[in-house]
$ cat protein.txt   # compact mmCIF, C-alpha atoms
# COMPACT_ATOMS: atom_id res chain seq x y z
CA MET H 1 -22.40 0.81 13.16
CA PHE H 2 -19.78 1.77 10.57
CA ARG H 3 -18.79 5.31 9.61
CA ILE H 4 -16.63 6.62 6.75
CA GLY H 5 -14.39 9.66 6.95
CA HIS H 6 -12.38 11.64 4.40
CA GLY H 7 -9.37 13.81 5.13
CA TYR H 8 -7.33 16.14 2.95
CA ASP H 9 -4.26 18.21 3.66
CA ALA H 10 -1.71 20.19 1.67
CA HIS H 11 1.47 22.00 2.63
CA ARG H 12 3.93 24.01 0.59
CA PHE H 13 7.64 23.23 0.46
CA ALA H 14 9.96 25.25 2.68
CA GLU H 15 13.74 25.38 2.86
CA GLY H 16 15.36 24.50 6.16
CA ARG H 17 12.70 22.02 7.31
CA LYS H 18 12.72 18.23 7.50
CA LEU H 19 10.35 16.35 5.21
CA ILE H 20 8.22 14.08 7.40
CA LEU H 21 5.52 11.88 5.84
CA GLY H 22 3.64 9.27 7.83
CA GLY H 23 6.12 9.77 10.65
CA VAL H 24 9.07 8.93 8.38
CA GLU H 25 11.84 11.42 7.63
CA ILE H 26 12.59 11.56 3.90
CA GLU H 27 16.19 12.74 3.56
CA GLY H 28 17.59 14.70 0.66
CA PHE H 29 14.56 16.86 -0.04
CA MET H 30 13.20 20.08 1.47
CA GLY H 31 10.48 19.88 4.06
CA LEU H 32 6.99 21.31 4.30
CA LEU H 33 5.83 24.52 5.94
CA GLY H 34 3.50 24.22 8.91
CA HIS H 35 2.93 24.95 12.59
CA SER H 36 3.69 21.35 13.57
CA ASP H 37 6.07 19.05 11.69
CA ALA H 38 3.77 19.55 8.63
CA ASP H 39 3.32 15.79 8.12
CA VAL H 40 0.68 16.12 5.43
CA LEU H 41 0.00 12.35 5.35
CA THR H 42 -0.61 12.00 9.06
CA HIS H 43 -2.72 15.18 9.08
CA ALA H 44 -5.04 13.81 6.38
CA VAL H 45 -5.38 10.51 8.28
CA MET H 46 -6.26 12.35 11.50
CA ASP H 47 -8.87 14.48 9.72
CA ALA H 48 -10.41 11.37 8.15
CA LEU H 49 -10.67 9.67 11.55
CA LEU H 50 -12.10 12.73 13.29
CA GLY H 51 -14.51 13.35 10.42
CA ALA H 52 -15.81 9.77 10.50
CA ALA H 53 -16.62 10.20 14.19
CA ALA H 54 -18.05 13.72 13.64
CA LEU H 55 -15.52 15.08 16.15
CA GLY H 56 -14.32 18.05 14.11
CA ASP H 57 -10.85 18.24 12.62
CA ILE H 58 -7.23 18.60 13.71
CA GLY H 59 -7.53 22.38 13.79
CA LYS H 60 -10.21 22.04 16.45
CA LEU H 61 -8.27 19.49 18.51
CA PHE H 62 -4.77 20.96 17.96
CA PRO H 63 -5.17 24.66 17.03
CA ASP H 64 -2.24 26.29 15.25
CA THR H 65 -2.70 29.27 17.56
CA ASP H 66 -1.55 27.12 20.50
CA GLU H 67 2.22 27.30 20.97
CA LYS H 68 2.33 23.85 22.58
CA TYR H 69 1.73 22.37 19.09
CA LYS H 70 4.52 24.34 17.41
CA GLY H 71 6.84 21.77 15.85
CA ALA H 72 4.68 18.94 17.24
CA ASP H 73 5.32 15.36 16.16
CA SER H 74 2.20 14.46 14.17
CA ILE H 75 2.53 10.76 15.05
CA GLU H 76 2.07 11.76 18.70
CA LEU H 77 -0.98 13.79 17.70
CA LEU H 78 -2.35 10.74 15.84
CA LYS H 79 -2.00 8.73 19.06
CA GLU H 80 -4.13 11.37 20.79
CA VAL H 81 -6.75 11.25 18.00
CA THR H 82 -6.88 7.46 18.42
CA ARG H 83 -7.35 7.88 22.18
CA VAL H 84 -10.21 10.34 21.59
CA LEU H 85 -11.86 7.91 19.17
CA LYS H 86 -11.64 5.07 21.70
CA GLU H 87 -12.98 7.38 24.41
CA ASN H 88 -16.01 7.95 22.16
CA GLY H 89 -16.50 4.23 21.56
CA TYR H 90 -14.92 3.91 18.09
CA GLY H 91 -12.43 1.43 16.70
CA ILE H 92 -10.50 1.81 13.46
CA SER H 93 -11.31 -0.70 10.73
CA ASN H 94 -8.94 0.60 8.05
CA VAL H 95 -7.22 3.64 6.57
CA ASP H 96 -6.41 4.26 2.90
CA ALA H 97 -4.28 7.27 1.95
CA THR H 98 -2.84 8.69 -1.27
CA VAL H 99 0.10 11.10 -1.18
CA ILE H 100 0.30 13.39 -4.21
CA ALA H 101 3.87 14.54 -4.87
CA GLN H 102 5.87 15.05 -8.05
CA LYS H 103 9.04 14.55 -5.99
CA PRO H 104 10.58 12.93 -4.04
CA LYS H 105 10.00 9.29 -4.97
CA LEU H 106 8.14 7.76 -2.05
CA ALA H 107 7.97 4.06 -2.98
CA PRO H 108 11.04 3.14 -0.88
CA HIS H 109 9.38 4.65 2.23
CA ILE H 110 5.80 3.39 1.93
CA GLU H 111 6.13 0.27 4.09
CA ASN H 112 7.78 2.23 6.91
CA MET H 113 5.02 4.87 6.69
CA ARG H 114 2.36 2.15 6.93
CA LYS H 115 4.06 0.68 9.99
CA ARG H 116 4.48 4.04 11.77
CA LEU H 117 0.83 4.96 11.16
CA ALA H 118 -0.46 1.52 12.20
CA ASP H 119 1.61 1.55 15.38
CA ALA H 120 0.35 5.02 16.30
CA MET H 121 -3.27 3.90 15.82
CA GLY H 122 -2.75 0.57 17.59
CA ILE H 123 -3.89 -1.45 14.58
CA ASP H 124 -2.27 -4.02 12.31
CA VAL H 125 -0.24 -2.77 9.35
CA SER H 126 -2.59 -4.77 7.08
CA GLN H 127 -5.29 -2.22 7.98
CA VAL H 128 -3.27 0.71 6.60
CA SER H 129 -2.75 1.46 2.93
CA VAL H 130 -0.46 4.25 1.72
CA LYS H 131 -0.03 4.99 -1.97
CA ALA H 132 1.86 7.70 -3.81
CA THR H 133 1.18 9.31 -7.16
CA THR H 134 2.17 12.34 -9.19
CA GLU H 135 -0.02 14.74 -11.11
CA GLU H 136 2.15 14.45 -14.22
CA LYS H 137 3.67 17.91 -13.61
CA MET H 138 0.23 19.56 -13.40
CA GLY H 139 -1.05 21.72 -10.53
CA PHE H 140 0.83 22.91 -7.47
CA THR H 141 2.24 19.46 -6.68
CA GLY H 142 3.37 19.01 -10.27
CA ARG H 143 5.16 22.37 -10.17
CA LEU H 144 6.99 21.22 -7.02
CA GLU H 145 5.27 23.82 -4.84
CA GLY H 146 4.13 21.31 -2.21
CA ILE H 147 2.58 17.96 -1.35
CA SER H 148 -1.04 16.99 -0.72
CA THR H 149 -2.74 13.90 0.65
CA HIS H 150 -6.21 12.38 0.60
CA ALA H 151 -7.20 9.79 3.21
CA VAL H 152 -10.34 7.76 3.81
CA THR H 153 -11.12 5.61 6.79
CA LEU H 154 -13.75 3.22 8.06
CA ILE H 155 -14.42 3.21 11.79
CA LYS H 156 -16.87 1.17 13.82
CA LYS H 157 -18.77 1.84 17.02
CA GLY H 158 -18.35 -0.65 19.81

$ encode --input "protein.txt" --output "structure tokens"
Amino acid sequence: MFRIGHGYDAHRFAEGRKLILGGVEIEGFMGLLGHSDADVLTHAVMDALLGAAALGDIGKLFPDTDEKYKGADSIELLKEVTRVLKENGYGISNVDATVIAQKPKLAPHIENMRKRLADAMGIDVSQVSVKATTEEKMGFTGRLEGISTHAVTLIKKG
């Protein structure tokens, strides 16, 4: 049995924070505001996986009211989501994510993001796609107010 999940996340830029996307630190640009490390890419992937399995979302599993998740490494949280999926009998077939950001340029970091995500999920890098696009200076990402990400995944039971 196959199941599809969709995840979405968005965070606004914030001075004095590191920019982490897909577990990769992007130097030379301000970070994103959030309770954890605000890794908008990894958050969308986790929500897609949890949604496909009908296990809620990251807010249910890792509430932002819990201080133990303050500043949390989202790659470590993704490992926990993967463990929960396996515990419920699911395996990950593939993940496809699109990061929407006017800046910074992400192309030089995509392969490292794919590898970090794949390693965290215990799957081959060929099963993880990460793409980046702009909104041609439209909307909140185009005005450099933040970054958003969409992710879809296919999981299988058994």

$ atom_distance --input "protein.txt" --atom1 "CA of Phe2 in chain H" --atom2 "CA of Ala53 in chain H"
9.7 Å

$ closest_residue --input "protein.txt" --among "H:Ala120, H:Leu50, H:Ile110, H:Met30" --to "Thr98 in chain H" --atoms "all atoms listed in the file"
H:Ile110

$ closest_residue --input "protein.txt" --among "H:Phe29, H:Ala72, H:Val81, H:Met121" --to "Lys60 in chain H" --atoms "all atoms listed in the file"
H:Val81

$ atom_distance --input "protein.txt" --atom1 "CA of Thr149 in chain H" --atom2 "CA of Ala10 in chain H"
6.5 Å

$ atom_distance --input "protein.txt" --atom1 "CA of Lys115 in chain H" --atom2 "CA of Gly71 in chain H"
22.1 Å

$ build_atoms --input "protein.txt" --residues "range 52-78 of chain H" --atoms "N, CA and C atoms" --output "PDB file, in the coordinates of the input"
ATOM      1  N   ALA H  52     -14.944  10.960  10.437  1.00  0.00           N
ATOM      2  CA  ALA H  52     -15.810   9.770  10.500  1.00  0.00           C
ATOM      3  C   ALA H  52     -16.583   9.733  11.809  1.00  0.00           C
ATOM      4  N   ALA H  53     -15.964  10.197  12.878  1.00  0.00           N
ATOM      5  CA  ALA H  53     -16.620  10.200  14.190  1.00  0.00           C
ATOM      6  C   ALA H  53     -17.392  11.487  14.462  1.00  0.00           C
ATOM      7  N   ALA H  54     -17.401  12.408  13.487  1.00  0.00           N
ATOM      8  CA  ALA H  54     -18.050  13.720  13.640  1.00  0.00           C
ATOM      9  C   ALA H  54     -17.518  14.465  14.860  1.00  0.00           C
ATOM     10  N   LEU H  55     -16.171  14.422  15.025  1.00  0.00           N
ATOM     11  CA  LEU H  55     -15.520  15.080  16.150  1.00  0.00           C
ATOM     12  C   LEU H  55     -14.689  16.281  15.718  1.00  0.00           C
ATOM     13  N   GLY H  56     -15.032  16.858  14.575  1.00  0.00           N
ATOM     14  CA  GLY H  56     -14.320  18.050  14.110  1.00  0.00           C
ATOM     15  C   GLY H  56     -13.124  17.682  13.254  1.00  0.00           C
ATOM     16  N   ASP H  57     -12.059  18.471  13.412  1.00  0.00           N
ATOM     17  CA  ASP H  57     -10.850  18.240  12.620  1.00  0.00           C
ATOM     18  C   ASP H  57      -9.628  18.540  13.477  1.00  0.00           C
ATOM     19  N   ILE H  58      -8.441  18.397  12.897  1.00  0.00           N
ATOM     20  CA  ILE H  58      -7.230  18.600  13.710  1.00  0.00           C
ATOM     21  C   ILE H  58      -7.066  20.049  14.149  1.00  0.00           C
ATOM     22  N   GLY H  59      -7.600  20.980  13.381  1.00  0.00           N
ATOM     23  CA  GLY H  59      -7.530  22.380  13.790  1.00  0.00           C
ATOM     24  C   GLY H  59      -8.329  22.654  15.049  1.00  0.00           C
ATOM     25  N   LYS H  60      -9.394  21.898  15.242  1.00  0.00           N
ATOM     26  CA  LYS H  60     -10.210  22.040  16.450  1.00  0.00           C
ATOM     27  C   LYS H  60      -9.492  21.403  17.642  1.00  0.00           C
ATOM     28  N   LEU H  61      -8.922  20.229  17.426  1.00  0.00           N
ATOM     29  CA  LEU H  61      -8.270  19.490  18.510  1.00  0.00           C
ATOM     30  C   LEU H  61      -6.886  20.048  18.844  1.00  0.00           C
ATOM     31  N   PHE H  62      -6.151  20.472  17.797  1.00  0.00           N
ATOM     32  CA  PHE H  62      -4.770  20.960  17.960  1.00  0.00           C
ATOM     33  C   PHE H  62      -4.615  22.300  17.237  1.00  0.00           C
ATOM     34  N   PRO H  63      -5.188  23.375  17.755  1.00  0.00           N
ATOM     35  CA  PRO H  63      -5.170  24.660  17.030  1.00  0.00           C
ATOM     36  C   PRO H  63      -3.759  25.188  16.783  1.00  0.00           C
ATOM     37  N   ASP H  64      -3.556  25.748  15.588  1.00  0.00           N
ATOM     38  CA  ASP H  64      -2.240  26.290  15.250  1.00  0.00           C
ATOM     39  C   ASP H  64      -1.959  27.614  15.958  1.00  0.00           C
ATOM     40  N   THR H  65      -2.903  28.075  16.743  1.00  0.00           N
ATOM     41  CA  THR H  65      -2.700  29.270  17.560  1.00  0.00           C
ATOM     42  C   THR H  65      -2.134  28.907  18.935  1.00  0.00           C
ATOM     43  N   ASP H  66      -2.060  27.598  19.225  1.00  0.00           N
ATOM     44  CA  ASP H  66      -1.550  27.120  20.500  1.00  0.00           C
ATOM     45  C   ASP H  66      -0.075  26.769  20.357  1.00  0.00           C
ATOM     46  N   GLU H  67       0.770  27.482  21.074  1.00  0.00           N
ATOM     47  CA  GLU H  67       2.220  27.300  20.970  1.00  0.00           C
ATOM     48  C   GLU H  67       2.678  25.900  21.367  1.00  0.00           C
ATOM     49  N   LYS H  68       1.876  25.181  22.166  1.00  0.00           N
ATOM     50  CA  LYS H  68       2.330  23.850  22.580  1.00  0.00           C
ATOM     51  C   LYS H  68       2.351  22.867  21.399  1.00  0.00           C
ATOM     52  N   TYR H  69       1.711  23.230  20.283  1.00  0.00           N
ATOM     53  CA  TYR H  69       1.730  22.370  19.090  1.00  0.00           C
ATOM     54  C   TYR H  69       2.756  22.819  18.061  1.00  0.00           C
ATOM     55  N   LYS H  70       3.491  23.874  18.348  1.00  0.00           N
ATOM     56  CA  LYS H  70       4.520  24.340  17.410  1.00  0.00           C
ATOM     57  C   LYS H  70       5.613  23.279  17.306  1.00  0.00           C
ATOM     58  N   GLY H  71       5.843  22.807  16.093  1.00  0.00           N
ATOM     59  CA  GLY H  71       6.840  21.770  15.850  1.00  0.00           C
ATOM     60  C   GLY H  71       6.425  20.394  16.335  1.00  0.00           C
ATOM     61  N   ALA H  72       5.157  20.216  16.677  1.00  0.00           N
ATOM     62  CA  ALA H  72       4.680  18.940  17.240  1.00  0.00           C
ATOM     63  C   ALA H  72       4.912  17.773  16.286  1.00  0.00           C
ATOM     64  N   ASP H  73       5.176  16.624  16.881  1.00  0.00           N
ATOM     65  CA  ASP H  73       5.320  15.360  16.160  1.00  0.00           C
ATOM     66  C   ASP H  73       3.904  14.865  15.838  1.00  0.00           C
ATOM     67  N   SER H  74       3.561  14.825  14.570  1.00  0.00           N
ATOM     68  CA  SER H  74       2.200  14.460  14.170  1.00  0.00           C
ATOM     69  C   SER H  74       1.842  13.018  14.533  1.00  0.00           C
ATOM     70  N   ILE H  75       2.821  12.139  14.618  1.00  0.00           N
ATOM     71  CA  ILE H  75       2.530  10.760  15.050  1.00  0.00           C
ATOM     72  C   ILE H  75       2.019  10.772  16.487  1.00  0.00           C
ATOM     73  N   GLU H  76       2.573  11.642  17.330  1.00  0.00           N
ATOM     74  CA  GLU H  76       2.070  11.760  18.700  1.00  0.00           C
ATOM     75  C   GLU H  76       0.658  12.329  18.713  1.00  0.00           C
ATOM     76  N   LEU H  77       0.378  13.255  17.805  1.00  0.00           N
ATOM     77  CA  LEU H  77      -0.980  13.790  17.700  1.00  0.00           C
ATOM     78  C   LEU H  77      -1.955  12.712  17.223  1.00  0.00           C
ATOM     79  N   LEU H  78      -1.508  11.845  16.314  1.00  0.00           N
ATOM     80  CA  LEU H  78      -2.350  10.740  15.840  1.00  0.00           C
ATOM     81  C   LEU H  78      -2.680   9.792  16.998  1.00  0.00           C
TER      82      LEU H  78
END
